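J.: Please see the structure below; I have some questions.
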Amino acid sequence: MTSEKESNGMDNYSFPVDGVVNRFCALPEEQDADSTEEDSRNKLAYCVTDVPPWYLCIILGIQHFLTAFGGIIAIPLILSQGLCLQHDGLTQSHLISTIFFVSGLCTLLQVTLGVRLPILQGGTFTLLAPSMALLSMPEWTCPAWTQNATLVNTSSPEFIHVWQSRMQVLQGSIMVGSLFQVLVGFSGLIGLFMHFIGPLTIAPTISLIGLSLFDSAGMNAGNHWGISAMTTCLIVLFSQYLRHIAIPVPTYSKAKKFHTSRMYIFQILPVLLGITVSWLICYLFTIYDVLPSDSDQYGYLARTDIKGDVIGGAPWFRFPYPGQWGMPTVSLAGVLGILAGVISSMIESVGDYHACARLSGAPPPPKHAINRGIGIEGIGCLLAGAWGTGNGTTSYSENVGALGITKVGSRMVIVGSGVIMIIMGVFGKIGAIFTTIPTPVIGGMFLVMFGVISAAGVSNLQYADMNSSRNIFIFGFSMFTGLAIPNWIMKNPAVIATGIVELDQVLQVLLTTSMFVGGFFGFMLDNTIPGTKRERGIIAWNRAHEDASDSTQESDEVYGLPCGITSHLSSCLWIKYVPFCPSHKTRPQNITASSSSSLEKKEPSKNDTHIIVAVAL
């Protein structure tokens, strides 16, 4: 039995379980003859319903935030190109602060009212592709003068109108598109989608997200290939070659007082470490004038003092609020493009819920919890659109993988992480600091990140029979058309002329969105070309995402609504018809000893040797 790998290169110790419900608060593990030592290693320190000490919640909450750091800041930095904000560092810092704030808010909603698993919410790359396709339409192409830093006056009404009008249409499209996710989640239709969408649809859809962003990665990295190559090599070194090396770190526990403990720093924070080291080297090269000071020379954009005035101009405190960029507008073309990303995001999240349940010691999520989780993610996208992040929210696979490393599956840790992100979103200086990262460093990070996203999509083919010529044709044709058609349309935008402006806009956005084109062909061919369910990968796919019983006491303990809402609603007969509420059926009276003991609240460990007080964080 082999473990699945998460998209950030960390081990995701989530194992497929065939008809066996995992013991509550215990990790699924391989059966080995001499498994005594391995049992203690795989045992969870805190399971999903436990409340660790407050200092552990803070430390691990910061760690979860740092694990998602790369993906969260990458989205506004990419969007700034389509929004004509390349030379407006202050507005970029506001976008970063806003996405931090909304991600924290959505995380709290998901943990308390959604699926109730320790899973972090953040920006999603599935909405990035249709957003960039919308902003690349002829009417939204950035004026030439906005590409010249000497001609841009960031405080002029003309420039403000240029980028805010683009943000407003993006906001409105995301808000309307998110209503579809809310409907699918709270109505329970996600189960119907899973019957028709399999590996051969998901694989090209996810892979083309990364492949379609190659131009953005190349442009940023090309500003100084040496710096970007160094960043890429550092991230690869930390995440692949050094990930199994434990570093001694100062630790405190009540039993041993101050001592050293070993922590897999490189495996947990490879992206952050790679960016930080490259950032520091660029800073040293800047102060010693190794990098050119002339803006016309190659390598100038690797300097760290280009946006030095941004930190000084950013306010210490800035509270993001809905409609801060103006009244959102709606584009039919944008809405349909966003829908393609929303569907992909929903399918990904269902897989994340199951992986998170295995790693946090919880039973597999029942249908009502999955429905509620998808619905809350839809509300999160609605809030992200209203606040103006230019993106939506989704569950982060990287943080699911971190659960297998820390062995702390408590949802209170993720609550702490959500609060930390909200606080960081309020401090304007923090977002301003991130805008000073040189573009070659960002480009080096993109080379790794987008490559891993593409490979993560291909990994879904493990469920299908790739010895079948049918499956090879479907995947190959979907991938190639997903690259060829959008590329041709973008080079020949005038060919779409139906005489109806709205229809032209819809076709322009959809046909220039690689993930939509590839996913559409994958979906149509997979559901029309004859093939067995085993050949298509549907059986293995469903087995990996199978549901648990809705009526176990363990399930209610984890997935029930908070504040006693579940018990208050249990007496209502109509509750069983509500897809996102627990339906209480008659439970067996003979609860086993192992089951009852698993429900006992665990006392905080007196020897928390795994608690890391790393000053570097």
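Scheme for the structure tokens: letters A, B, ... for chains in order shown; per-chain residue numbers from 1; ligand numbers from 1 in order shown.
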With a distance cut-off of 12 Å and only C-alpha atoms, select the neighbouring residues of His94 of chain A, excluding the residue or stretch itself and same-chain residues fewer than 3 positions from it, and output the selection as number ranges by chain.
T.: A: 73, 76-77, 80, 85, 88-91, 97-101, 310-311, 313-321, 324-325, 387-390, 424-435
J.: Give the helix (DSSP H, G or I) residues of segment 319-525 of chain A, as assigned by DSSP on the backbone, as a ChimeraX atom specification.
T.: /A:332-359,367-387,397-406,411-426,428-435,439-463,469-491,493-495,501-511,514-525
J.: Would you save the residues of that selection, restricted to C-alpha atoms, as a short mmCIF file (atom, residue, chain, number, x, y, z; two decimals), in the first residue's frame?
T.:
data_model
loop_
_atom_site.label_atom_id
_atom_site.label_comp_id
_atom_site.auth_asym_id
_atom_site.auth_seq_id
_atom_site.Cartn_x
_atom_site.Cartn_y
_atom_site.Cartn_z
CA LEU A 332 -22.14 36.75 -18.70
CA ALA A 333 -18.91 35.56 -20.29
CA GLY A 334 -17.09 35.89 -16.99
CA VAL A 335 -19.79 34.00 -15.08
CA LEU A 336 -19.70 31.01 -17.45
CA GLY A 337 -15.92 30.93 -17.32
CA ILE A 338 -15.97 31.01 -13.52
CA LEU A 339 -18.45 28.12 -13.48
CA ALA A 340 -15.86 25.87 -15.12
CA GLY A 341 -13.42 26.67 -12.32
CA VAL A 342 -16.07 26.25 -9.62
CA ILE A 343 -16.93 22.72 -10.76
CA SER A 344 -13.25 21.71 -10.72
CA SER A 345 -12.82 23.24 -7.28
CA MET A 346 -15.78 21.28 -5.88
CA ILE A 347 -14.49 17.93 -7.09
CA GLU A 348 -11.04 18.66 -5.66
CA SER A 349 -12.50 19.63 -2.30
CA VAL A 350 -14.41 16.36 -1.94
CA GLY A 351 -11.11 14.48 -2.23
CA ASP A 352 -9.49 16.85 0.27
CA TYR A 353 -12.26 16.19 2.81
CA HIS A 354 -11.63 12.45 2.73
CA ALA A 355 -7.86 12.82 2.95
CA CYS A 356 -8.21 15.28 5.83
CA ALA A 357 -10.55 12.94 7.71
CA ARG A 358 -8.06 10.07 7.46
CA LEU A 359 -5.17 12.21 8.69
CA LYS A 367 -22.93 13.12 2.87
CA HIS A 368 -24.46 15.91 4.93
CA ALA A 369 -20.99 17.13 5.98
CA ILE A 370 -19.71 17.11 2.39
CA ASN A 371 -22.80 18.99 1.21
CA ARG A 372 -22.34 21.55 3.97
CA GLY A 373 -18.63 21.91 3.22
CA ILE A 374 -19.22 22.55 -0.49
CA GLY A 375 -22.00 25.01 0.35
CA ILE A 376 -19.77 26.94 2.76
CA GLU A 377 -17.01 27.05 0.14
CA GLY A 378 -19.56 28.63 -2.19
CA ILE A 379 -20.35 31.21 0.47
CA GLY A 380 -16.60 31.74 0.84
CA CYS A 381 -16.30 32.49 -2.88
CA LEU A 382 -19.24 34.87 -2.55
CA LEU A 383 -17.47 36.70 0.30
CA ALA A 384 -14.18 36.74 -1.64
CA GLY A 385 -15.97 38.34 -4.58
CA ALA A 386 -17.67 40.90 -2.35
CA TRP A 387 -14.43 41.83 -0.58
CA SER A 397 -4.30 20.25 -0.11
CA GLU A 398 -0.91 21.42 1.16
CA ASN A 399 -2.27 21.80 4.68
CA VAL A 400 -3.93 18.40 4.55
CA GLY A 401 -0.45 16.96 3.96
CA ALA A 402 0.93 18.93 6.92
CA LEU A 403 -1.44 17.05 9.25
CA GLY A 404 0.44 13.83 8.53
CA ILE A 405 3.70 15.48 9.63
CA THR A 406 2.63 17.29 12.80
CA ARG A 411 -9.57 21.69 14.28
CA MET A 412 -8.76 24.26 16.97
CA VAL A 413 -5.31 24.60 15.37
CA ILE A 414 -6.95 25.61 12.09
CA VAL A 415 -9.18 28.04 14.01
CA GLY A 416 -5.97 29.60 15.32
CA SER A 417 -4.59 29.74 11.78
CA GLY A 418 -7.76 31.47 10.57
CA VAL A 419 -7.50 34.09 13.30
CA ILE A 420 -3.82 34.68 12.44
CA MET A 421 -4.67 35.25 8.77
CA ILE A 422 -7.40 37.75 9.71
CA ILE A 423 -4.93 39.64 11.91
CA MET A 424 -2.32 39.67 9.13
CA GLY A 425 -4.96 40.96 6.71
CA VAL A 426 -5.61 43.93 8.98
CA GLY A 428 -1.26 46.79 6.04
CA LYS A 429 2.52 46.77 6.42
CA ILE A 430 2.62 42.97 6.18
CA GLY A 431 1.02 42.91 2.76
CA ALA A 432 3.35 45.71 1.64
CA ILE A 433 6.42 43.69 2.63
CA PHE A 434 5.37 40.82 0.38
CA THR A 435 5.10 43.12 -2.65
CA THR A 439 9.82 39.26 -9.72
CA PRO A 440 12.56 36.72 -10.62
CA VAL A 441 12.09 35.13 -7.19
CA ILE A 442 8.34 34.94 -7.84
CA GLY A 443 9.08 33.46 -11.27
CA GLY A 444 11.25 30.75 -9.75
CA MET A 445 8.45 29.86 -7.34
CA PHE A 446 5.97 29.75 -10.24
CA LEU A 447 8.15 27.30 -12.17
CA VAL A 448 7.88 24.81 -9.32
CA MET A 449 4.31 25.54 -8.29
CA PHE A 450 2.70 25.41 -11.73
CA GLY A 451 4.69 22.32 -12.63
CA VAL A 452 3.46 20.52 -9.54
CA ILE A 453 -0.14 21.57 -10.26
CA SER A 454 0.15 20.08 -13.74
CA ALA A 455 1.58 16.84 -12.37
CA ALA A 456 -1.09 16.71 -9.65
CA GLY A 457 -3.73 16.65 -12.37
CA VAL A 458 -2.01 13.81 -14.20
CA SER A 459 -1.82 11.84 -10.93
CA ASN A 460 -5.59 11.35 -11.10
CA LEU A 461 -4.99 8.91 -13.95
CA GLN A 462 -3.79 6.34 -11.39
CA TYR A 463 -7.45 5.34 -10.96
CA SER A 469 -6.26 2.84 -25.97
CA ARG A 470 -9.64 4.46 -25.23
CA ASN A 471 -8.31 6.27 -22.16
CA ILE A 472 -5.04 7.24 -23.84
CA PHE A 473 -6.96 8.83 -26.71
CA ILE A 474 -9.35 10.74 -24.41
CA PHE A 475 -6.59 12.14 -22.21
CA GLY A 476 -4.21 12.96 -25.07
CA PHE A 477 -6.89 14.61 -27.22
CA SER A 478 -8.25 16.63 -24.26
CA MET A 479 -4.81 17.91 -23.31
CA PHE A 480 -3.76 18.83 -26.85
CA THR A 481 -6.99 20.64 -27.72
CA GLY A 482 -6.90 22.38 -24.34
CA LEU A 483 -3.61 23.96 -25.43
CA ALA A 484 -4.15 24.37 -29.19
CA ILE A 485 -7.62 25.94 -29.32
CA PRO A 486 -7.06 28.69 -26.69
CA ASN A 487 -3.69 29.55 -28.23
CA TRP A 488 -5.23 29.98 -31.69
CA ILE A 489 -8.21 31.99 -30.41
CA MET A 490 -5.94 34.38 -28.52
CA LYS A 491 -3.89 34.97 -31.67
CA PRO A 493 -9.64 37.11 -31.57
CA ALA A 494 -11.48 38.67 -34.52
CA VAL A 495 -12.65 35.29 -35.90
CA VAL A 501 -21.83 40.85 -28.68
CA GLU A 502 -22.75 38.89 -25.55
CA LEU A 503 -22.37 35.55 -27.32
CA ASP A 504 -19.01 36.64 -28.75
CA GLN A 505 -17.79 37.47 -25.24
CA VAL A 506 -18.96 34.12 -23.85
CA LEU A 507 -17.23 32.16 -26.60
CA GLN A 508 -14.11 34.30 -26.27
CA VAL A 509 -13.74 33.57 -22.55
CA LEU A 510 -14.65 29.87 -22.71
CA LEU A 511 -12.50 29.05 -25.73
CA SER A 514 -7.61 25.92 -21.36
CA MET A 515 -9.09 24.07 -18.39
CA PHE A 516 -12.60 24.49 -19.79
CA VAL A 517 -11.70 23.28 -23.27
CA GLY A 518 -9.74 20.28 -22.01
CA GLY A 519 -12.28 19.42 -19.31
CA PHE A 520 -15.18 19.72 -21.74
CA PHE A 521 -13.66 17.28 -24.22
CA GLY A 522 -12.63 14.94 -21.43
CA PHE A 523 -16.15 14.97 -19.98
CA MET A 524 -17.93 14.47 -23.31
CA LEU A 525 -15.65 11.73 -24.60
#
J.: Quick check, in Å to one decimal: how far apart do atom CA of Thr67 of chain A and atom CA of Val51 of chain A lie?
T.: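 Separation between atom CA of Thr67 of chain A and atom CA of Val51 of chain A: 21.4 Å.
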J.: Using only C-alpha atoms, what table do you get, as a Markdown table, when you list each residue of segment 246-355 of chain A with an atom no more than 9 Å from segment 150-165 of chain A, its nearest pair of atoms, and their distance in Å rounded to one decimal, rows by chain then rising number?
T.:
| residue | atom | partner | partner_atom | distance |
| --- | --- | --- | --- | --- |
| A:Trp325 | CA | A:Gln164 | CA | 6.0 |
| A:Gly326 | CA | A:Gln164 | CA | 7.2 |
| A:Pro328 | CA | A:Ser165 | CA | 8.6 |
| A:Thr329 | CA | A:Ser165 | CA | 8.5 |
J.: Dump N, CA, C and O atoms for the selected residues as a PDB file, in the first residue's frame?
T.:
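Listed below is the output, out.pdb:
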ATOM      1  N   TRP A 325     -13.563  48.290  -3.706  1.00  0.00           N
ATOM      2  CA  TRP A 325     -13.114  48.722  -5.031  1.00  0.00           C
ATOM      3  C   TRP A 325     -14.269  49.265  -5.882  1.00  0.00           C
ATOM      4  O   TRP A 325     -14.092  49.496  -7.072  1.00  0.00           O
ATOM      5  N   GLY A 326     -15.436  49.443  -5.296  1.00  0.00           N
ATOM      6  CA  GLY A 326     -16.576  49.947  -6.044  1.00  0.00           C
ATOM      7  C   GLY A 326     -17.657  48.891  -6.217  1.00  0.00           C
ATOM      8  O   GLY A 326     -17.522  47.747  -5.769  1.00  0.00           O
ATOM      9  N   PRO A 328     -19.634  46.000  -7.777  1.00  0.00           N
ATOM     10  CA  PRO A 328     -19.333  44.942  -8.754  1.00  0.00           C
ATOM     11  C   PRO A 328     -20.286  44.979  -9.941  1.00  0.00           C
ATOM     12  O   PRO A 328     -21.454  45.353  -9.817  1.00  0.00           O
ATOM     13  N   THR A 329     -19.767  44.613 -11.091  1.00  0.00           N
ATOM     14  CA  THR A 329     -20.583  44.469 -12.299  1.00  0.00           C
ATOM     15  C   THR A 329     -20.511  43.023 -12.767  1.00  0.00           C
ATOM     16  O   THR A 329     -19.608  42.282 -12.370  1.00  0.00           O
TER      17      THR A 329
END
J.: For Gly104 of chain A, which of A:Tyr264, A:Trp145, A:Phe65, A:Trp140 is the closest residue, counting only C-alpha atoms?
T.: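 Nearest candidate to Gly104 of chain A out of A:Tyr264, A:Trp145, A:Phe65, A:Trp140: A:Phe65.
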J.: For Leu128 of chain A, which residue among A:Gln86, A:Thr49, A:Gly71, A:Tyr283 is the nearest when counting only C-alpha atoms?
T.: A:Gly71
J.: Skip Gln110 of chain A itself and residues of its chain fewer than 3 positions away, then list as number ranges by chain all residues within 9 Å of it, counting only C-alpha atoms.
T.: A: 105-107, 113-121, 372-373, 376-377, 380
J.: Using DSSP on the backbone coordinates, identify the residues of segment 179-277 of chain A assigned to strand (DSSP E); present them as a list in words.
T.: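 Checking each residue of segment 179-277 of chain A, the strand (DSSP E) ones are Ile247, Pro248, Val249, Pro250, Thr251, Tyr252, Ser253, Lys257, Phe258, His259, Thr260, Ser261, Arg262 and Met263 of chain A.
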J.: Just the number, please: distance in Å from atom CA of Phe580 of chain A to atom CA of Ile565 of chain A, one decimal.
T.: 12.9 Å
J.: Rounded to one decimal in Å, what is the spacing between atom CA of Lys257 of chain A and atom CA of Tyr55 of chain A?
T.: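 Interatomic distance here is 14.9 Å.
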J.: Pick from A:Ala540, A:Leu127, A:Met167, A:Val102: nearest to Gln81 of chain A, with only C-alpha atoms counted?
T.: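 Comparing A:Ala540, A:Leu127, A:Met167, A:Val102 against Gln81 of chain A, the winner is A:Met167.
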J.: Point out the residue among A:Ser295, A:Phe238, A:Asn542, A:Met219 with the least atom-to-atom distance to Leu272 of chain A, counting only C-alpha atoms.
T.: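 Among A:Ser295, A:Phe238, A:Asn542, A:Met219, it is A:Phe238 that comes nearest to Leu272 of chain A.
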J.: Which is closer to Gly409 of chain A than all the others in A:Pro364, A:Gly82, A:Tyr46, A:Arg534, using only C-alpha atoms?
T.: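 Answer, going by the shortest atom-to-atom distance: A:Tyr46.
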J.: Of the candidates A:Leu211, A:Cys581, A:Ile62, A:Ala144, which one gets nearest to Gly560 of chain A if we count only C-alpha atoms?
T.: A:Cys581
